[in-house]
Protein chains: 2
Amino acid sequence: MNKRNGPPPRPARRAAASAAQAEEGAAAPLFDPVEREPAYIRVSSAIEQKILSRTLRDGDVLPSETELAQQFRVHRSTVREALRQLERAGLIQRPPGAKRMVVSRPQAAKVASGMRHALVLHDVTFVDVWEAMMVIEPEVAALAATRRTQADLDALLQVSEAFRASPKGDPRAVDLVASFFELLGAASRNQVLVLAKQSLAEALAPSLANMIDRVPQARQRISDAQRRIIAALKDKNPDEARKWMSKHVRDFRRGYELAGIPPDTPITMD
Amino acid sequence: MNKRNGPPPRPARRAAASAAQAEEGAAAPLFDPVEREPAYIRVSSAIEQKILSRTLRDGDVLPSETELAQQFRVHRSTVREALRQLERAGLIQRPPGAKRMVVSRPQAAKVASGMRHALVLHDVTFVDVWEAMMVIEPEVAALAATRRTQADLDALLQVSEAFRASPKGDPRAVDLVASFFELLGAASRNQVLVLAKQSLAEALAPSLANMIDRVPQARQRISDAQRRIIAALKDKNPDEARKWMSKHVRDFRRGYELAGIPPDTPITMD
DNA sequence: GTTGTCCTATTGTCCGACAATCCGACCGAG
DNA sequence: CTCGGTCGGATTGTCGGACAATAGGACAAC
């Protein structure tokens, strides 16, 4: 019973046709390419669908690989290939030091890192990211101003305080700046924007470290902006929040210019 | 030579410690969890890094699985698991009907679909997505107004025309609306925003179809807004573009309300 | 030039195996 | 009766080896 359901046959390629339509949305394709999904994809899709439809919920443990192999009537290796895909998609993960895989919701960090790969490989530059921040961050701040809770304020204050207190060359300073943005996102109560923001922050982080160290006045300006923004949140004043966040983000660009980093520097990994 | 580099040994788990710091950023960790990366992760990371560092470029064909297995000194199955991860990440793919894998840049659609999974599983609602659109789309339109080329205008006009001409129950109408947004993104010349937009559009598409069919005046209003936006782009007038896009997006929400779709409807797949 | 044939490299899938480890059950000491 | 060892089964990570089906090319036949 080997080779049970190997790749289904497929007809000869439509060489001419595909060449023609390679240019611009060409004429009638007449035939669609016959679909041939390897088993590992079908297995992965099957599980994926059960997760997306909530048949498998966040926290559920998956059956063992052997069990899955039996159910799908494929070999364990095939199941494993499928699991690796779901793992990368963030749909399943292994709690540290556990054996079985559990269903999980893709964490922001995972999604952001995927986005970041894309940005890097598409030669996105600092200005591009900065522009996106200019669009998103001020509005997030405004939303946060109307929705923040006391807990949000406390957390922001704490992080801002920690940043102010951090010694000069401390590499954690960057993390604290990132945390500030992250908390602000949380206070906006909008997961979509949080997800988008996170990618930007990640993409910027490496060069931010560089910038903070090189521009002496950067720490002071960042600190001031944070204080103003927190004040605006405290007053539930979205316009103030937006205004100061705008300034804050603009400052980043100025910082980069002062640091001698050209705006069209491509984003890098680490 | 079996089990050559199986999982490295690891000390007993720090049950107490991990429980303690599970709460909030607890005290000094003193010890970091010992890292144990399975071989398939290390292989995947190794290849990933070569791609991100441009040692392997877009379009390059990867060595055969057997060859990779030999180079990494692991079994072919292990290589395959690594490849499946890279495949899902969009870093490599197989051209339809080809045998070898080629390096590729993650396409917007791939990234967006990952984002969408996250949105669905985090119970993101229509308002959340709408809010994000309200933040992003008007600014994208404004950017597009200053940067659009004649080609952009032509493409937009063509899609808008096609939408106006599409028959009443045509399911392709939704795609045309999506295309309009996509082209606008392209005209903004900012990949970052394009990537973010795409996710929103995808998340909204299913229910959009629903809405267009149920609200008679929707088509007319969409068509009008598109015309106004195109006019603003033609005049290179960012303020007009922003204004009309704002209206346009606001209209979407009104449409949903008219269609009787509650704003806190969770986003779904399909 | 197109079509048919043959060969080789490579993928998709499977079988079977084993060490390391996790997990829960069991058990003796305080 | 709780707490810290011990033991065996279940499960993962990895490996060696195998084979059918296909992609891609070389080459002969029409």
# chains A, B, ... in the order shown; residues from 1 in each chain; ligands from 1
call {"tool": "interface_residues", "arguments": {"of": "chain D", "to": "chain B", "cutoff": "7 Å", "atoms": "only C-alpha atoms (C1' of nucleotides)", "output": "compact mmCIF listing (two decimals) with N, CA and C atoms (P, O5', C5', C4', C3', O3' and C1' of nucleotides), in the first residue's frame"}}
result
# COMPACT_ATOMS: atom_id res chain seq x y z
P DG D 13 9.98 17.32 18.29
O5' DG D 13 11.36 16.58 18.05
C5' DG D 13 12.42 16.81 18.96
C4' DG D 13 13.68 16.16 18.44
C3' DG D 13 14.05 16.54 17.01
O3' DG D 13 15.47 16.77 16.97
C1' DG D 13 13.83 14.20 17.18
P DT D 14 16.14 17.29 15.62
O5' DT D 14 16.60 15.94 14.93
C5' DT D 14 17.52 15.11 15.63
C4' DT D 14 17.66 13.79 14.93
C3' DT D 14 17.83 13.90 13.41
O3' DT D 14 19.24 13.79 13.14
C1' DT D 14 16.51 12.03 14.10
P DC D 15 19.76 13.69 11.61
O5' DC D 15 19.73 12.11 11.40
C5' DC D 15 20.27 11.28 12.42
C4' DC D 15 20.11 9.83 12.02
C3' DC D 15 20.34 9.60 10.53
O3' DC D 15 21.41 8.69 10.32
C1' DC D 15 18.31 8.57 11.26
P DA D 23 6.07 17.03 -13.72
O5' DA D 23 7.62 17.36 -13.76
C5' DA D 23 8.26 17.75 -12.55
C4' DA D 23 9.63 18.31 -12.85
C3' DA D 23 9.72 19.19 -14.08
O3' DA D 23 10.74 20.15 -13.84
C1' DA D 23 10.92 17.19 -14.46
call {"tool": "interface_residues", "arguments": {"of": "chain C", "to": "chain A", "cutoff": "9 Å", "atoms": "only C-alpha atoms (C1' of nucleotides)", "output": "PyMOL selection string"}}
result
chain C and resi 12-15+21-22
call {"tool": "write_last_selection", "arguments": {"atoms": "C-alpha atoms (C1' of nucleotides)", "output": "mmCIF file, in the first residue's frame"}}
result
data_model
loop_
_atom_site.group_PDB
_atom_site.id
_atom_site.type_symbol
_atom_site.label_atom_id
_atom_site.label_comp_id
_atom_site.auth_asym_id
_atom_site.auth_seq_id
_atom_site.Cartn_x
_atom_site.Cartn_y
_atom_site.Cartn_z
ATOM 1 C "C1'" DG C 12 6.855 12.942 -2.253
ATOM 2 C "C1'" DT C 13 5.999 9.357 0.546
ATOM 3 C "C1'" DC C 14 6.644 5.402 3.164
ATOM 4 C "C1'" DC C 15 8.817 1.758 6.483
ATOM 5 C "C1'" DT C 21 13.030 12.878 27.200
ATOM 6 C "C1'" DC C 22 8.558 13.789 29.290
#
call {"tool": "interface_residues", "arguments": {"of": "chain A", "to": "chain B", "cutoff": "9 Å", "atoms": "only C-alpha atoms", "output": "PyMOL selection string"}}
result
chain A and resi 13+33+51-54+58+77+80-91+96-97+104-108+111-112+114-115+117-122+124+128-129+131-132+135-136+139-140+189-193+195-196+200+268-269
call {"tool": "write_last_selection", "arguments": {"atoms": "C-alpha atoms", "output": "mmCIF file, in the first residue's frame"}}
result
data_model
loop_
_atom_site.group_PDB
_atom_site.id
_atom_site.type_symbol
_atom_site.label_atom_id
_atom_site.label_comp_id
_atom_site.auth_asym_id
_atom_site.auth_seq_id
_atom_site.Cartn_x
_atom_site.Cartn_y
_atom_site.Cartn_z
ATOM 1 C CA ARG A 13 2.214 22.270 -19.257
ATOM 2 C CA PRO A 33 -3.760 24.407 -14.002
ATOM 3 C CA ILE A 51 -8.077 25.635 14.234
ATOM 4 C CA LEU A 52 -9.543 28.555 12.332
ATOM 5 C CA SER A 53 -13.023 27.175 12.761
ATOM 6 C CA ARG A 54 -12.424 26.835 16.478
ATOM 7 C CA ASP A 58 -6.322 27.931 21.854
ATOM 8 C CA SER A 77 7.158 12.110 8.471
ATOM 9 C CA ARG A 80 5.711 16.256 10.779
ATOM 10 C CA GLU A 81 6.153 18.323 7.647
ATOM 11 C CA ALA A 82 2.643 19.583 8.112
ATOM 12 C CA LEU A 83 3.263 20.396 11.748
ATOM 13 C CA ARG A 84 6.376 22.365 10.868
ATOM 14 C CA GLN A 85 4.257 24.575 8.658
ATOM 15 C CA LEU A 86 1.661 25.192 11.292
ATOM 16 C CA GLU A 87 4.415 25.840 13.741
ATOM 17 C CA ARG A 88 5.902 28.534 11.567
ATOM 18 C CA ALA A 89 2.479 30.018 11.025
ATOM 19 C CA GLY A 90 2.191 30.354 14.777
ATOM 20 C CA LEU A 91 -0.944 28.235 14.847
ATOM 21 C CA PRO A 96 8.879 25.456 26.614
ATOM 22 C CA GLY A 97 9.985 22.093 27.853
ATOM 23 C CA SER A 104 -2.101 28.713 19.928
ATOM 24 C CA ARG A 105 -3.130 32.031 18.524
ATOM 25 C CA PRO A 106 -0.392 33.613 16.443
ATOM 26 C CA GLN A 107 1.368 36.037 18.726
ATOM 27 C CA ALA A 108 1.976 39.581 17.587
ATOM 28 C CA VAL A 111 3.383 37.938 12.812
ATOM 29 C CA ALA A 112 5.552 40.998 13.106
ATOM 30 C CA GLY A 114 7.160 37.617 9.290
ATOM 31 C CA MET A 115 6.244 41.090 8.224
ATOM 32 C CA HIS A 117 11.274 39.567 6.753
ATOM 33 C CA ALA A 118 9.084 40.851 3.992
ATOM 34 C CA LEU A 119 10.122 44.431 4.596
ATOM 35 C CA VAL A 120 13.800 43.568 4.601
ATOM 36 C CA LEU A 121 13.610 41.542 1.427
ATOM 37 C CA HIS A 122 11.605 44.189 -0.336
ATOM 38 C CA VAL A 124 12.085 48.868 2.433
ATOM 39 C CA ASP A 128 9.116 54.032 4.378
ATOM 40 C CA VAL A 129 8.820 52.718 7.887
ATOM 41 C CA GLU A 131 6.142 57.288 7.010
ATOM 42 C CA ALA A 132 4.026 54.387 8.164
ATOM 43 C CA VAL A 135 0.393 57.543 9.786
ATOM 44 C CA ILE A 136 -0.330 55.057 12.519
ATOM 45 C CA GLU A 139 -3.898 57.958 15.712
ATOM 46 C CA VAL A 140 -3.109 55.120 18.058
ATOM 47 C CA ARG A 189 -7.677 48.530 22.475
ATOM 48 C CA ASN A 190 -7.297 47.805 18.798
ATOM 49 C CA GLN A 191 -5.548 44.549 17.997
ATOM 50 C CA VAL A 192 -5.245 45.373 14.339
ATOM 51 C CA LEU A 193 -3.263 48.502 14.921
ATOM 52 C CA LEU A 195 -0.190 44.141 15.056
ATOM 53 C CA ALA A 196 0.741 46.710 12.456
ATOM 54 C CA LEU A 200 7.248 48.851 12.522
ATOM 55 C CA THR A 268 18.104 45.203 8.126
ATOM 56 C CA MET A 269 17.835 42.180 10.346
#
call {"tool": "select_by_dssp", "arguments": {"residues": "range 123-168 of chain B", "states": "helix (DSSP H, G or I)", "output": "VMD selection string"}}
result
chain B and resid 126 to 147 150 to 165
call {"tool": "residues_around", "arguments": {"residues": "Ala173 in chain B", "least_positions_apart": "4", "cutoff": "12 Å", "atoms": "only C-alpha atoms (C1' of nucleotides)", "output": "compact mmCIF listing (two decimals) with C-alpha atoms, in the first residue's frame"}}
result
# COMPACT_ATOMS: atom_id res chain seq x y z
CA VAL B 159 -10.71 49.35 -12.41
CA SER B 160 -13.19 51.96 -11.33
CA GLU B 161 -14.79 51.77 -14.74
CA ALA B 162 -15.00 48.02 -14.56
CA PHE B 163 -16.64 48.24 -11.17
CA ARG B 164 -19.24 50.68 -12.41
CA ALA B 165 -19.94 48.43 -15.36
CA SER B 166 -20.12 45.20 -13.39
CA PRO B 167 -23.58 43.64 -13.34
CA LYS B 168 -25.59 43.66 -10.19
CA GLY B 169 -24.91 40.31 -8.57
CA VAL B 177 -13.16 47.22 -5.02
CA ALA B 178 -10.17 45.46 -3.52
CA SER B 179 -8.16 46.18 -6.65
CA PHE B 180 -8.94 49.84 -6.35
CA ALA B 205 -13.54 41.12 1.73
CA PRO B 206 -15.89 38.31 2.74
CA LEU B 208 -17.96 43.20 1.92
CA ALA B 209 -19.47 40.90 -0.65
CA ASN B 210 -22.37 40.38 1.66
CA MET B 211 -22.83 44.07 2.18
CA ILE B 212 -22.70 45.11 -1.45
CA ASP B 213 -25.42 42.67 -2.31
CA ALA B 218 -23.75 50.84 -1.97
CA ARG B 219 -22.56 50.44 -5.54
CA ILE B 222 -18.62 53.41 -3.88
CA SER B 223 -18.49 54.41 -7.48
call {"tool": "atom_distance", "arguments": {"atom1": "CA of Val79 in chain B", "atom2": "CA of Thr66 in chain B"}}
result
8.5 Å
call {"tool": "atom_distance", "arguments": {"atom1": "CA of Leu183 in chain A", "atom2": "CA of Ala142 in chain B"}}
result
28.5 Å
call {"tool": "decode", "arguments": {"residues": "range 49-78 of chain B", "atoms": "N, CA and C atoms", "output": "CSV table (one decimal), in the first residue's frame"}}
result
chain,number,residue,atom,x,y,z
B,49,GLN,N,18.9,32.7,7.2
B,49,GLN,CA,19.9,33.8,7.3
B,49,GLN,C,20.6,34.1,6.0
B,50,LYS,N,20.9,33.0,5.3
B,50,LYS,CA,21.6,33.2,4.0
B,50,LYS,C,20.7,34.0,3.1
B,51,ILE,N,19.4,33.8,3.2
B,51,ILE,CA,18.4,34.5,2.4
B,51,ILE,C,18.3,36.0,2.8
B,52,LEU,N,18.2,36.2,4.1
B,52,LEU,CA,18.0,37.6,4.6
B,52,LEU,C,19.3,38.4,4.4
B,53,SER,N,20.4,37.7,4.3
B,53,SER,CA,21.7,38.4,4.1
B,53,SER,C,22.0,38.5,2.6
B,54,ARG,N,21.1,38.1,1.8
B,54,ARG,CA,21.2,38.2,0.3
B,54,ARG,C,22.4,37.3,-0.2
B,55,THR,N,22.8,36.4,0.6
B,55,THR,CA,23.8,35.4,0.0
B,55,THR,C,23.0,34.6,-1.0
B,56,LEU,N,21.8,34.3,-0.6
B,56,LEU,CA,20.9,33.6,-1.5
B,56,LEU,C,19.9,34.7,-1.9
B,57,ARG,N,19.7,34.9,-3.2
B,57,ARG,CA,18.9,35.9,-3.7
B,57,ARG,C,17.6,35.4,-4.3
B,58,ASP,N,16.7,36.4,-4.4
B,58,ASP,CA,15.4,36.1,-5.0
B,58,ASP,C,15.6,35.4,-6.4
B,59,GLY,N,15.1,34.3,-6.5
B,59,GLY,CA,15.2,33.6,-7.8
B,59,GLY,C,16.2,32.5,-7.8
B,60,ASP,N,17.1,32.5,-6.9
B,60,ASP,CA,18.1,31.4,-6.8
B,60,ASP,C,17.5,30.1,-6.6
B,61,VAL,N,18.0,29.1,-7.2
B,61,VAL,CA,17.4,27.7,-6.9
B,61,VAL,C,18.3,27.1,-5.7
B,62,LEU,N,17.5,26.5,-4.8
B,62,LEU,CA,18.2,25.9,-3.7
B,62,LEU,C,18.8,24.6,-4.2
B,63,PRO,N,19.9,24.1,-3.5
B,63,PRO,CA,20.4,22.8,-3.8
B,63,PRO,C,19.4,21.7,-3.5
B,64,SER,N,19.6,20.6,-4.1
B,64,SER,CA,18.6,19.5,-3.8
B,64,SER,C,18.6,19.1,-2.4
B,65,GLU,N,17.5,18.5,-2.0
B,65,GLU,CA,17.4,18.1,-0.6
B,65,GLU,C,18.5,17.2,-0.2
B,66,THR,N,18.9,16.3,-1.1
B,66,THR,CA,19.9,15.3,-0.7
B,66,THR,C,21.2,16.1,-0.5
B,67,GLU,N,21.5,17.1,-1.3
B,67,GLU,CA,22.7,17.8,-1.2
B,67,GLU,C,22.7,18.6,0.1
B,68,LEU,N,21.6,19.3,0.4
B,68,LEU,CA,21.5,20.0,1.7
B,68,LEU,C,21.7,19.1,2.8
B,69,ALA,N,21.1,17.9,2.8
B,69,ALA,CA,21.3,16.9,3.8
B,69,ALA,C,22.7,16.6,4.0
B,70,GLN,N,23.4,16.4,2.9
B,70,GLN,CA,24.9,16.1,3.1
B,70,GLN,C,25.6,17.3,3.7
B,71,GLN,N,25.3,18.5,3.2
B,71,GLN,CA,26.1,19.6,3.7
B,71,GLN,C,25.8,19.8,5.2
B,72,PHE,N,24.6,19.7,5.6
B,72,PHE,CA,24.3,20.0,7.0
B,72,PHE,C,24.6,18.8,7.9
B,73,ARG,N,24.9,17.6,7.2
B,73,ARG,CA,25.1,16.4,7.9
B,73,ARG,C,23.9,16.0,8.7
B,74,VAL,N,22.7,16.1,8.1
B,74,VAL,CA,21.5,15.6,8.8
B,74,VAL,C,20.7,14.8,7.8
B,75,HIS,N,19.7,14.2,8.2
B,75,HIS,CA,18.9,13.3,7.4
B,75,HIS,C,18.0,14.2,6.5
B,76,ARG,N,17.7,13.6,5.3
B,76,ARG,CA,16.9,14.4,4.4
B,76,ARG,C,15.6,14.8,5.0
B,77,SER,N,15.0,13.9,5.8
B,77,SER,CA,13.7,14.3,6.5
B,77,SER,C,13.9,15.6,7.3
B,78,THR,N,15.0,15.7,7.9
B,78,THR,CA,15.2,16.9,8.7
B,78,THR,C,15.3,18.1,7.8
